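*Asks:* Here you go, target-v8.cif (mmCIF, C-alpha atoms):
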data_model
loop_
_atom_site.label_atom_id
_atom_site.label_comp_id
_atom_site.auth_asym_id
_atom_site.auth_seq_id
_atom_site.Cartn_x
_atom_site.Cartn_y
_atom_site.Cartn_z
CA MET T 30 -57.48 -163.18 144.65
CA ASN T 31 -59.26 -166.00 146.38
CA LYS T 32 -61.63 -168.11 144.35
CA ARG T 33 -64.97 -168.80 145.96
CA VAL T 34 -65.19 -172.42 147.04
CA ASN T 35 -68.05 -174.23 145.32
CA ARG T 36 -69.91 -176.69 147.54
CA ARG T 37 -69.35 -179.43 144.99
CA GLU T 38 -65.61 -178.77 145.24
CA PHE T 39 -65.38 -179.72 148.93
CA LEU T 40 -68.02 -182.42 149.15
CA LYS T 41 -68.51 -184.78 146.28
CA THR T 42 -68.69 -188.48 145.75
CA GLY T 43 -65.39 -190.12 144.85
CA ALA T 44 -63.25 -187.06 145.61
CA VAL T 45 -59.55 -187.93 145.42
CA LEU T 46 -56.82 -185.72 146.87
CA SER T 47 -53.19 -185.77 145.85
CA GLY T 48 -50.66 -185.76 148.65
CA GLY T 49 -47.65 -183.46 148.80
CA SER T 50 -44.55 -184.54 146.94
CA MET T 51 -41.89 -182.10 148.18
CA ILE T 52 -38.93 -183.30 150.20
CA ALA T 53 -39.30 -182.64 153.93
CA GLY T 54 -36.95 -180.16 155.52
CA SER T 55 -36.70 -176.38 155.59
CA GLN T 56 -33.40 -176.42 153.69
CA PHE T 57 -35.28 -177.40 150.54
CA LEU T 58 -37.78 -174.55 150.81
CA ASP T 59 -37.60 -171.42 148.70
CA ALA T 60 -38.53 -168.19 150.44
CA GLY T 61 -42.27 -167.95 150.69
CA THR T 62 -42.95 -171.63 150.01
CA LEU T 63 -45.69 -172.92 152.27
CA PRO T 64 -45.35 -176.17 154.22
CA ASP T 65 -47.74 -179.07 153.77
CA LEU T 66 -48.13 -179.32 157.54
CA ALA T 67 -47.58 -176.49 160.01
CA VAL T 68 -47.06 -177.61 163.61
CA VAL T 69 -46.87 -175.12 166.47
CA LYS T 70 -45.83 -176.12 169.98
CA GLY T 71 -46.65 -174.09 173.08
CA ALA T 72 -48.76 -173.89 176.20
CA ASP T 73 -51.11 -171.27 174.73
CA SER T 74 -53.42 -173.25 172.40
CA TYR T 75 -55.08 -170.10 171.06
CA ARG T 76 -51.79 -168.54 169.99
CA SER T 77 -50.55 -171.85 168.59
CA THR T 78 -53.63 -172.14 166.39
CA ILE T 79 -53.32 -168.58 165.10
CA LYS T 80 -49.65 -169.10 164.25
CA ALA T 81 -50.15 -172.53 162.64
CA VAL T 82 -52.85 -171.22 160.30
CA GLU T 83 -50.71 -168.20 159.50
CA LYS T 84 -47.76 -170.46 158.58
CA ILE T 85 -49.93 -172.55 156.25
CA GLY T 86 -50.90 -169.43 154.32
CA GLY T 87 -53.54 -167.73 156.46
CA MET T 88 -57.25 -168.42 156.79
CA GLY T 89 -58.01 -166.25 153.76
CA ARG T 90 -56.42 -168.94 151.64
CA PHE T 91 -59.22 -171.33 152.65
CA VAL T 92 -62.13 -169.07 153.58
CA PRO T 93 -63.03 -166.52 150.90
CA ARG T 94 -65.00 -163.45 151.96
CA ASN T 95 -68.78 -163.72 152.31
CA THR T 96 -68.76 -167.51 152.64
CA LYS T 97 -70.62 -169.77 155.06
CA VAL T 98 -68.30 -172.03 157.02
CA ALA T 99 -69.18 -175.43 158.52
CA LEU T 100 -66.91 -176.68 161.30
CA LEU T 101 -66.65 -180.13 162.83
CA ALA T 102 -65.09 -180.32 166.31
CA ASN T 103 -64.99 -183.31 168.66
CA ALA T 104 -67.24 -183.10 171.73
CA GLN T 105 -67.58 -186.81 172.50
CA ARG T 106 -66.87 -186.62 176.25
CA ASN T 107 -65.79 -184.08 178.84
CA ASN T 108 -62.90 -186.19 180.12
CA PRO T 109 -59.50 -184.49 179.77
CA GLY T 110 -57.87 -185.20 176.42
CA ALA T 111 -61.08 -186.50 174.82
CA PHE T 112 -62.42 -183.32 173.14
CA THR T 113 -61.16 -180.46 171.00
CA HIS T 114 -59.65 -177.70 173.14
CA PRO T 115 -62.02 -174.71 173.48
CA GLU T 116 -59.20 -172.23 172.87
CA ILE T 117 -58.52 -173.83 169.48
CA VAL T 118 -62.21 -173.44 168.66
CA LYS T 119 -62.10 -169.76 169.65
CA ALA T 120 -59.03 -169.16 167.51
CA VAL T 121 -60.53 -170.75 164.39
CA ILE T 122 -63.73 -168.73 164.77
CA HIS T 123 -61.65 -165.56 165.11
CA LEU T 124 -59.65 -166.39 161.98
CA CYS T 125 -62.78 -167.18 159.96
CA LYS T 126 -64.32 -163.86 160.98
CA GLU T 127 -61.13 -162.03 160.03
CA ALA T 128 -61.20 -163.76 156.64
CA GLY T 129 -64.71 -162.39 156.06
CA ALA T 130 -66.93 -165.40 156.67
CA VAL T 131 -70.58 -164.39 157.05
CA GLN T 132 -71.62 -167.51 158.96
CA ILE T 133 -69.53 -169.81 161.18
CA ASN T 134 -71.46 -172.84 162.39
CA PHE T 135 -70.43 -175.98 164.25
CA LEU T 136 -72.48 -178.96 163.11
CA SER T 137 -73.27 -181.95 165.31
CA TRP T 138 -75.76 -184.70 166.05
CA LEU T 139 -74.42 -185.02 169.60
CA PRO T 140 -76.66 -183.57 172.33
CA ARG T 141 -76.20 -180.00 173.52
CA SER T 142 -75.11 -181.33 176.92
CA ASN T 143 -71.88 -182.65 175.37
CA TRP T 144 -71.03 -179.19 174.11
CA GLU T 145 -71.89 -177.57 177.42
CA SER T 146 -69.96 -180.00 179.63
CA THR T 147 -66.79 -179.72 177.53
CA GLY T 148 -66.88 -175.91 177.53
CA LEU T 149 -67.13 -175.93 173.74
CA LEU T 150 -70.54 -174.28 173.59
CA GLN T 151 -69.27 -171.42 175.72
CA ALA T 152 -66.22 -171.09 173.48
CA ILE T 153 -68.36 -171.04 170.33
CA GLN T 154 -70.67 -168.41 171.75
CA ALA T 155 -67.81 -166.29 173.09
CA GLY T 156 -66.12 -166.36 169.70
CA GLY T 157 -69.25 -165.40 167.79
CA GLY T 158 -70.02 -168.74 166.15
CA GLN T 159 -73.14 -170.88 166.39
CA LEU T 160 -73.85 -174.49 167.28
CA VAL T 161 -76.27 -176.35 165.02
CA ILE T 162 -77.64 -179.60 166.50
CA VAL T 163 -79.12 -182.01 163.95
CA ASN T 164 -81.82 -184.39 165.18
CA ASN T 165 -81.02 -188.10 164.97
CA ASP T 166 -83.76 -188.62 162.42
CA GLU T 167 -82.75 -190.30 159.16
CA THR T 168 -84.78 -187.76 157.20
CA MET T 169 -82.23 -185.17 158.35
CA PHE T 170 -79.46 -186.96 156.43
CA ARG T 171 -78.90 -187.17 152.68
CA PRO T 172 -78.01 -190.52 151.07
CA THR T 173 -74.70 -190.03 149.27
CA PRO T 174 -73.26 -192.80 147.08
CA ILE T 175 -69.57 -193.69 147.35
CA THR T 176 -68.83 -195.25 143.98
CA LYS T 177 -65.21 -196.15 144.80
CA GLY T 178 -65.91 -197.41 148.30
CA VAL T 179 -64.59 -200.88 149.10
CA THR T 180 -66.99 -201.77 151.92
CA LEU T 181 -69.05 -198.59 152.31
CA LYS T 182 -71.08 -197.89 149.18
CA GLU T 183 -73.32 -195.17 150.63
CA CYS T 184 -73.08 -192.71 153.47
CA ARG T 185 -75.77 -190.40 154.86
CA ILE T 186 -74.53 -186.84 155.35
CA MET T 187 -76.54 -184.30 157.34
CA ASN T 188 -78.71 -182.25 154.97
CA CYS T 189 -77.71 -178.88 156.35
CA PHE T 190 -74.05 -179.54 155.56
CA PHE T 191 -74.77 -178.94 151.87
CA GLU T 192 -75.78 -175.34 152.66
CA TYR T 193 -72.18 -174.30 153.41
CA ASP T 194 -69.39 -173.10 151.15
CA VAL T 195 -66.35 -174.13 153.21
CA PHE T 196 -65.75 -177.07 155.53
CA ILE T 197 -63.08 -177.13 158.27
CA THR T 198 -62.53 -180.21 160.41
CA MET T 199 -61.21 -179.77 163.96
CA PRO T 200 -60.60 -183.13 165.63
CA ILE T 201 -58.51 -184.05 168.63
CA THR T 202 -56.08 -186.88 167.97
CA LYS T 203 -56.44 -189.68 170.54
CA ASP T 204 -56.75 -193.36 171.32
CA HIS T 205 -59.61 -195.48 169.99
CA ALA T 206 -60.96 -198.73 171.39
CA GLY T 207 -61.01 -200.48 168.03
CA ASN T 208 -58.40 -199.17 165.63
CA LYS T 209 -56.14 -197.60 168.29
CA PHE T 210 -56.15 -194.17 166.66
CA THR T 211 -58.59 -191.43 165.77
CA GLY T 212 -57.92 -188.15 164.00
CA THR T 213 -58.99 -186.28 160.87
CA LEU T 214 -60.18 -189.37 158.98
CA LYS T 215 -62.36 -190.78 161.73
CA ASN T 216 -63.71 -187.34 162.64
CA MET T 217 -65.77 -187.41 159.43
CA MET T 218 -68.16 -189.82 161.14
CA GLY T 219 -69.47 -186.75 162.95
CA LEU T 220 -71.20 -185.66 159.73
CA ASN T 221 -72.52 -189.10 158.88
CA SER T 222 -75.77 -190.35 160.40
CA PRO T 223 -75.40 -192.36 163.65
CA LEU T 224 -77.45 -195.17 162.11
CA ASN T 225 -75.09 -195.43 159.13
CA ASN T 226 -72.08 -195.21 161.47
CA ARG T 227 -73.35 -198.23 163.37
CA THR T 228 -72.96 -200.34 160.23
CA PHE T 229 -69.20 -199.73 160.48
CA HIS T 230 -69.10 -201.81 163.67
CA LYS T 231 -69.27 -205.57 163.36
CA PRO T 232 -69.50 -207.81 166.44
CA ASN T 233 -66.32 -207.72 168.54
CA TRP T 234 -65.10 -204.62 166.70
CA THR T 235 -62.67 -203.81 169.50
CA THR T 236 -60.94 -207.20 169.51
CA ASP T 237 -61.53 -209.04 166.23
CA PRO T 238 -58.83 -208.05 163.70
CA GLU T 239 -61.20 -208.52 160.75
CA ALA T 240 -63.85 -206.34 162.39
CA ILE T 241 -61.25 -203.66 163.15
CA GLU T 242 -60.10 -203.69 159.53
CA TYR T 243 -63.71 -203.45 158.39
CA LEU T 244 -64.26 -200.39 160.60
CA ASP T 245 -61.13 -198.74 159.25
CA GLN T 246 -62.06 -199.50 155.64
CA CYS T 247 -65.46 -197.87 156.20
CA ILE T 248 -63.70 -194.81 157.60
CA ALA T 249 -61.40 -194.63 154.57
CA ASP T 250 -64.36 -195.08 152.22
CA LEU T 251 -66.33 -192.34 153.99
CA ASN T 252 -63.45 -189.96 153.37
CA LEU T 253 -63.92 -190.39 149.63
CA ALA T 254 -67.18 -188.46 149.96
CA LEU T 255 -65.95 -185.66 152.22
CA ARG T 256 -63.16 -183.20 151.58
CA PRO T 257 -62.38 -180.46 154.11
CA ALA T 258 -60.77 -177.25 152.96
CA LEU T 259 -58.59 -177.26 156.07
CA CYS T 260 -57.78 -179.49 159.04
CA VAL T 261 -56.94 -177.93 162.41
CA VAL T 262 -55.96 -180.71 164.80
CA ASP T 263 -55.67 -180.61 168.57
CA ALA T 264 -52.56 -182.50 169.65
CA THR T 265 -52.05 -180.41 172.76
CA GLU T 266 -53.12 -183.03 175.32
CA PHE T 267 -54.90 -186.26 174.52
CA ILE T 268 -55.69 -189.73 175.84
CA ILE T 269 -53.52 -192.63 174.68
CA THR T 270 -55.55 -195.27 176.55
CA ASN T 271 -59.27 -195.96 177.03
CA GLY T 272 -60.30 -194.00 173.97
CA PRO T 273 -62.24 -192.49 172.47
CA PHE T 274 -64.15 -191.41 175.58
CA GLY T 275 -61.64 -191.69 178.44
CA PRO T 276 -60.65 -191.11 181.10
CA GLY T 277 -57.25 -192.36 180.07
CA LYS T 278 -53.53 -191.81 180.29
CA LEU T 279 -52.65 -188.38 178.96
CA LEU T 280 -49.89 -187.33 176.60
CA SER T 281 -49.18 -183.60 176.29
CA PRO T 282 -47.13 -182.70 173.19
CA GLN T 283 -48.69 -179.20 173.32
CA LYS T 284 -48.98 -179.09 169.54
CA VAL T 285 -51.54 -177.77 167.06
CA VAL T 286 -51.26 -179.37 163.62
CA VAL T 287 -52.67 -177.63 160.54
CA GLY T 288 -52.80 -178.73 156.91
CA THR T 289 -55.02 -180.03 154.12
CA ASP T 290 -53.77 -183.62 153.76
CA ARG T 291 -55.76 -185.82 156.15
CA VAL T 292 -53.55 -188.86 155.65
CA ALA T 293 -50.32 -186.97 156.31
CA ILE T 294 -51.79 -185.23 159.35
CA ASP T 295 -53.00 -188.51 160.85
CA ALA T 296 -49.64 -190.12 160.07
CA TYR T 297 -47.86 -187.28 161.87
CA CYS T 298 -50.20 -187.36 164.87
CA ALA T 299 -49.95 -191.16 165.18
CA SER T 300 -46.17 -190.83 165.29
CA LEU T 301 -46.43 -188.46 168.26
CA TRP T 302 -47.11 -191.45 170.48
CA GLY T 303 -45.02 -194.04 168.76
CA LEU T 304 -47.62 -195.58 166.47
CA ASP T 305 -46.66 -196.75 162.99
CA PRO T 306 -49.02 -194.99 160.55
CA ALA T 307 -48.81 -197.91 158.12
CA ALA T 308 -50.16 -200.20 160.86
CA ILE T 309 -53.26 -198.01 161.35
CA HIS T 310 -55.62 -199.42 158.75
CA SER T 311 -57.70 -196.26 158.31
CA ILE T 312 -54.57 -194.27 157.44
CA ALA T 313 -53.17 -196.96 155.14
CA ARG T 314 -56.51 -197.53 153.38
CA ALA T 315 -57.09 -193.79 152.89
CA HIS T 316 -53.62 -193.55 151.38
CA ALA T 317 -54.50 -196.45 149.07
CA HIS T 318 -57.60 -194.52 147.98
CA GLY T 319 -55.37 -191.61 146.97
CA ILE T 320 -56.77 -189.31 149.64
CA GLY T 321 -53.34 -188.28 150.91
CA GLU T 322 -49.68 -189.08 151.51
CA ILE T 323 -48.66 -191.49 154.27
CA ASP T 324 -44.89 -190.99 153.88
CA LEU T 325 -43.94 -187.88 155.82
CA LYS T 326 -40.54 -187.83 154.11
CA LYS T 327 -42.40 -186.76 151.00
CA MET T 328 -44.08 -183.86 152.82
CA VAL T 329 -42.85 -180.47 153.96
CA VAL T 330 -43.48 -180.50 157.69
CA LYS T 331 -42.45 -177.33 159.52
CA GLU T 332 -42.45 -177.02 163.30
CA TYR T 333 -42.54 -173.76 165.24
CA ARG T 334 -42.95 -172.48 168.80
CA ASN T 335 -45.48 -169.84 169.79
#
Output the file's structure in the form of C-alpha cells.
*Replies:*
Amino acid sequence: MNKRVNRREFLKTGAVLSGGSMIAGSQFLDAGTLPDLAVVKGADSYRSTIKAVEKIGGMGRFVPRNTKVALLANAQRNNPGAFTHPEIVKAVIHLCKEAGAVQINFLSWLPRSNWESTGLLQAIQAGGGQLVIVNNDETMFRPTPITKGVTLKECRIMNCFFEYDVFITMPITKDHAGNKFTGTLKNMMGLNSPLNNRTFHKPNWTTDPEAIEYLDQCIADLNLALRPALCVVDATEFIITNGPFGPGKLLSPQKVVVGTDRVAIDAYCASLWGLDPAAIHSIARAHAHGIGEIDLKKMVVKEYRN
C-alpha cells in the first residue's frame, strides 16, 4: 500500500538524499529489483516516458491516490532542444491521472507566452492538467532557510508550492552559458523567486571561473531545500551549444531518463554528450552535500527501447 506523501517529506530545509549503492548491470539484479535509473530510447517520446516510469516501479509508487501533484517543466524558449518535449508532459499527466491524482498542476513564474509558443500549454490542457502562473512579486514567495548551504543561506520558494503533496521535476538536459550543463539540479531554480535567482549570478558569470563555481554552489545549496518525488528528464533532443535558450547545435539521443537521484541523473545526462560529471560543479557540489550519487558504477542503470 502506498503511503501518502507528507509535504514536509518532499520539501524541507536541509533535506539529504542517499544515493544508490548497488552495482550497475542487469546481471546483478534479482527478479523484480527496480533500477535506480530507467532509460528508454525511441522516437516516440510519449511511449518512452510511459515505459520508463513503468520500469522504475510505476507512477503509483510516487503518486498516491487523492494527492495534489506539482510539476516543474522547462519552458524557457521555443527554440528546438531548449524546452521539455510536450509529449513527455502529456505522458506524465496521463500517468498521474491513472495513479489517482486529484490535481495535476504545472507551476511557473515564466509568462504564459512561453508555454504557448513551446506547445506546452496545449499539451497540458490536452492531457487534463493545469498551468499555474505565479506573479513575479516577492510576496508570492516564501523565505526558506538553508541551514547547510555553503553560499546560499536562504531561498524563496513560491507560496503555492507548499499546497501540494507530491512534486515531480521534468527538465530538459542541455547546454548552459555559465556552467555548461543544466538538468534536474538547475531546474529547481524554476521554483525559486527570480530575484533570489539573480543573486546566484556574479559579474562575468559566463566566463569567470570563480563566478561559475559560485553559481553552481548556489544551485547545489538550493537543492538542499527541495526534494522531488520523481525526476522525468527529456534527453530526446537538446542543444549542446548556446544554452540555455538556443538556438544551438542539437544532439538527439532520443532518450527519456527517469529516477529519483538528481545527482546520478545529471551525471548520466552529462555523459550523453561527453561531459565529465565531476567537472560540472553543480553535480559535484550536490554530491558533496549528500544529495545523490555521482558514480554511475554504484547505480543500477537499465536501458530499454520502446
*Asks:* Which neighbours of segment 185-202 of chain T fall inside 8 Å, counting only C-alpha atoms, when residues of the same chain fewer than 3 positions from it are skipped, and could you give them as a VMD selection string?
*Replies:* chain T and resid 34 to 36 39 91 to 92 96 to 103 110 to 114 118 136 163 169 to 173 210 to 213 216 to 217 220 to 222 225 256 to 264 267 295 298 to 299
*Asks:* Record the distance separating atom CA of Leu150 of chain T and atom CA of Pro273 of chain T, expressed in Å with one decimal.
*Replies:*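 Between atom CA of Leu150 of chain T and atom CA of Pro273 of chain T the gap is 20.0 Å.
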*Asks:* In terms of the shortest atom-to-atom distance over all atoms listed in the file, which of T:Gly219, T:Pro238, T:Pro109, T:His205 is closest to Trp138 of chain T?
*Replies:*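 Ranking T:Gly219, T:Pro238, T:Pro109, T:His205 by distance to Trp138 of chain T, first place goes to T:Gly219.
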*Asks:* Around segment 301-313 of chain T, with edges along x, y and z and 4 Å added on all six sides, what centre and edge lengths do you get, in Å to one decimal, as lines of an AutoDock Vina configuration file?
*Replies:*
center_x = -51.4
center_y = -194.3
center_z = 162.8
size_x = 20.7
size_y = 19.7
size_z = 23.3
*Asks:* Please indicate the distance in Å from atom CA of Gly303 of chain T to atom CA of Leu214 of chain T, rounded to one decimal place.
*Replies:*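 These two atoms are separated by 18.6 Å.
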*Asks:* Could you rebuild segment 199-229 of chain T with N, CA and C atoms and give me the result as an mmCIF file, in the coordinates of the input?
*Replies:*
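Final file, result_20.cif:
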data_model
loop_
_atom_site.group_PDB
_atom_site.id
_atom_site.type_symbol
_atom_site.label_atom_id
_atom_site.label_comp_id
_atom_site.auth_asym_id
_atom_site.auth_seq_id
_atom_site.Cartn_x
_atom_site.Cartn_y
_atom_site.Cartn_z
ATOM 1 N N MET T 199 -61.980 -180.152 162.784
ATOM 2 C CA MET T 199 -61.210 -179.770 163.960
ATOM 3 C C MET T 199 -61.202 -180.892 165.001
ATOM 4 N N PRO T 200 -60.612 -182.021 164.678
ATOM 5 C CA PRO T 200 -60.600 -183.130 165.630
ATOM 6 C C PRO T 200 -59.529 -182.982 166.692
ATOM 7 N N ILE T 201 -59.630 -183.817 167.723
ATOM 8 C CA ILE T 201 -58.510 -184.050 168.630
ATOM 9 C C ILE T 201 -57.968 -185.433 168.265
ATOM 10 N N THR T 202 -56.663 -185.568 168.195
ATOM 11 C CA THR T 202 -56.080 -186.880 167.970
ATOM 12 C C THR T 202 -56.054 -187.624 169.300
ATOM 13 N N LYS T 203 -56.356 -188.936 169.273
ATOM 14 C CA LYS T 203 -56.440 -189.680 170.540
ATOM 15 C C LYS T 203 -56.571 -191.172 170.274
ATOM 16 N N ASP T 204 -56.594 -191.918 171.353
ATOM 17 C CA ASP T 204 -56.750 -193.360 171.320
ATOM 18 C C ASP T 204 -58.175 -193.736 170.894
ATOM 19 N N HIS T 205 -58.292 -194.950 170.348
ATOM 20 C CA HIS T 205 -59.610 -195.480 169.990
ATOM 21 C C HIS T 205 -59.667 -196.948 170.363
ATOM 22 N N ALA T 206 -60.812 -197.367 170.876
ATOM 23 C CA ALA T 206 -60.960 -198.730 171.390
ATOM 24 C C ALA T 206 -60.745 -199.787 170.330
ATOM 25 N N GLY T 207 -61.119 -199.484 169.086
ATOM 26 C CA GLY T 207 -61.010 -200.480 168.030
ATOM 27 C C GLY T 207 -59.720 -200.384 167.263
ATOM 28 N N ASN T 208 -59.539 -199.271 166.540
ATOM 29 C CA ASN T 208 -58.400 -199.170 165.630
ATOM 30 C C ASN T 208 -57.181 -198.489 166.235
ATOM 31 N N LYS T 209 -57.249 -198.151 167.518
ATOM 32 C CA LYS T 209 -56.140 -197.600 168.290
ATOM 33 C C LYS T 209 -55.870 -196.131 168.034
ATOM 34 N N PHE T 210 -56.455 -195.556 166.991
ATOM 35 C CA PHE T 210 -56.150 -194.170 166.660
ATOM 36 C C PHE T 210 -57.350 -193.490 166.042
ATOM 37 N N THR T 211 -57.561 -192.235 166.421
ATOM 38 C CA THR T 211 -58.590 -191.430 165.770
ATOM 39 C C THR T 211 -58.036 -190.026 165.520
ATOM 40 N N GLY T 212 -58.413 -189.475 164.379
ATOM 41 C CA GLY T 212 -57.920 -188.150 164.000
ATOM 42 C C GLY T 212 -58.804 -187.535 162.940
ATOM 43 N N THR T 213 -58.202 -186.984 161.892
ATOM 44 C CA THR T 213 -58.990 -186.280 160.870
ATOM 45 C C THR T 213 -59.892 -187.228 160.096
ATOM 46 N N LEU T 214 -59.399 -188.429 159.801
ATOM 47 C CA LEU T 214 -60.180 -189.370 158.980
ATOM 48 C C LEU T 214 -61.416 -189.836 159.730
ATOM 49 N N LYS T 215 -61.231 -190.256 160.966
ATOM 50 C CA LYS T 215 -62.360 -190.780 161.730
ATOM 51 C C LYS T 215 -63.340 -189.667 162.135
ATOM 52 N N ASN T 216 -62.842 -188.448 162.243
ATOM 53 C CA ASN T 216 -63.710 -187.340 162.640
ATOM 54 C C ASN T 216 -64.873 -187.141 161.678
ATOM 55 N N MET T 217 -64.718 -187.589 160.422
ATOM 56 C CA MET T 217 -65.770 -187.410 159.430
ATOM 57 C C MET T 217 -67.052 -188.146 159.795
ATOM 58 N N MET T 218 -66.955 -189.129 160.692
ATOM 59 C CA MET T 218 -68.160 -189.820 161.140
ATOM 60 C C MET T 218 -69.107 -188.881 161.866
ATOM 61 N N GLY T 219 -68.626 -187.736 162.294
ATOM 62 C CA GLY T 219 -69.470 -186.750 162.950
ATOM 63 C C GLY T 219 -70.457 -186.075 162.028
ATOM 64 N N LEU T 220 -70.256 -186.200 160.715
ATOM 65 C CA LEU T 220 -71.200 -185.660 159.730
ATOM 66 C C LEU T 220 -72.133 -186.730 159.191
ATOM 67 N N ASN T 221 -71.735 -187.976 159.370
ATOM 68 C CA ASN T 221 -72.520 -189.100 158.880
ATOM 69 C C ASN T 221 -73.576 -189.481 159.914
ATOM 70 N N SER T 222 -74.695 -190.035 159.467
ATOM 71 C CA SER T 222 -75.770 -190.350 160.400
ATOM 72 C C SER T 222 -75.336 -191.435 161.395
ATOM 73 N N PRO T 223 -75.748 -191.331 162.655
ATOM 74 C CA PRO T 223 -75.400 -192.360 163.650
ATOM 75 C C PRO T 223 -75.823 -193.756 163.227
ATOM 76 N N LEU T 224 -76.972 -193.865 162.546
ATOM 77 C CA LEU T 224 -77.450 -195.170 162.110
ATOM 78 C C LEU T 224 -76.496 -195.773 161.074
ATOM 79 N N ASN T 225 -76.038 -194.949 160.129
ATOM 80 C CA ASN T 225 -75.090 -195.430 159.130
ATOM 81 C C ASN T 225 -73.749 -195.758 159.787
ATOM 82 N N ASN T 226 -73.336 -194.950 160.752
ATOM 83 C CA ASN T 226 -72.080 -195.210 161.470
ATOM 84 C C ASN T 226 -72.104 -196.567 162.165
ATOM 85 N N ARG T 227 -73.257 -196.960 162.653
ATOM 86 C CA ARG T 227 -73.350 -198.230 163.370
ATOM 87 C C ARG T 227 -73.049 -199.420 162.458
ATOM 88 N N THR T 228 -73.266 -199.247 161.160
ATOM 89 C CA THR T 228 -72.960 -200.340 160.230
ATOM 90 C C THR T 228 -71.461 -200.556 160.086
ATOM 91 N N PHE T 229 -70.662 -199.595 160.540
ATOM 92 C CA PHE T 229 -69.200 -199.730 160.480
ATOM 93 C C PHE T 229 -68.717 -200.771 161.496
#
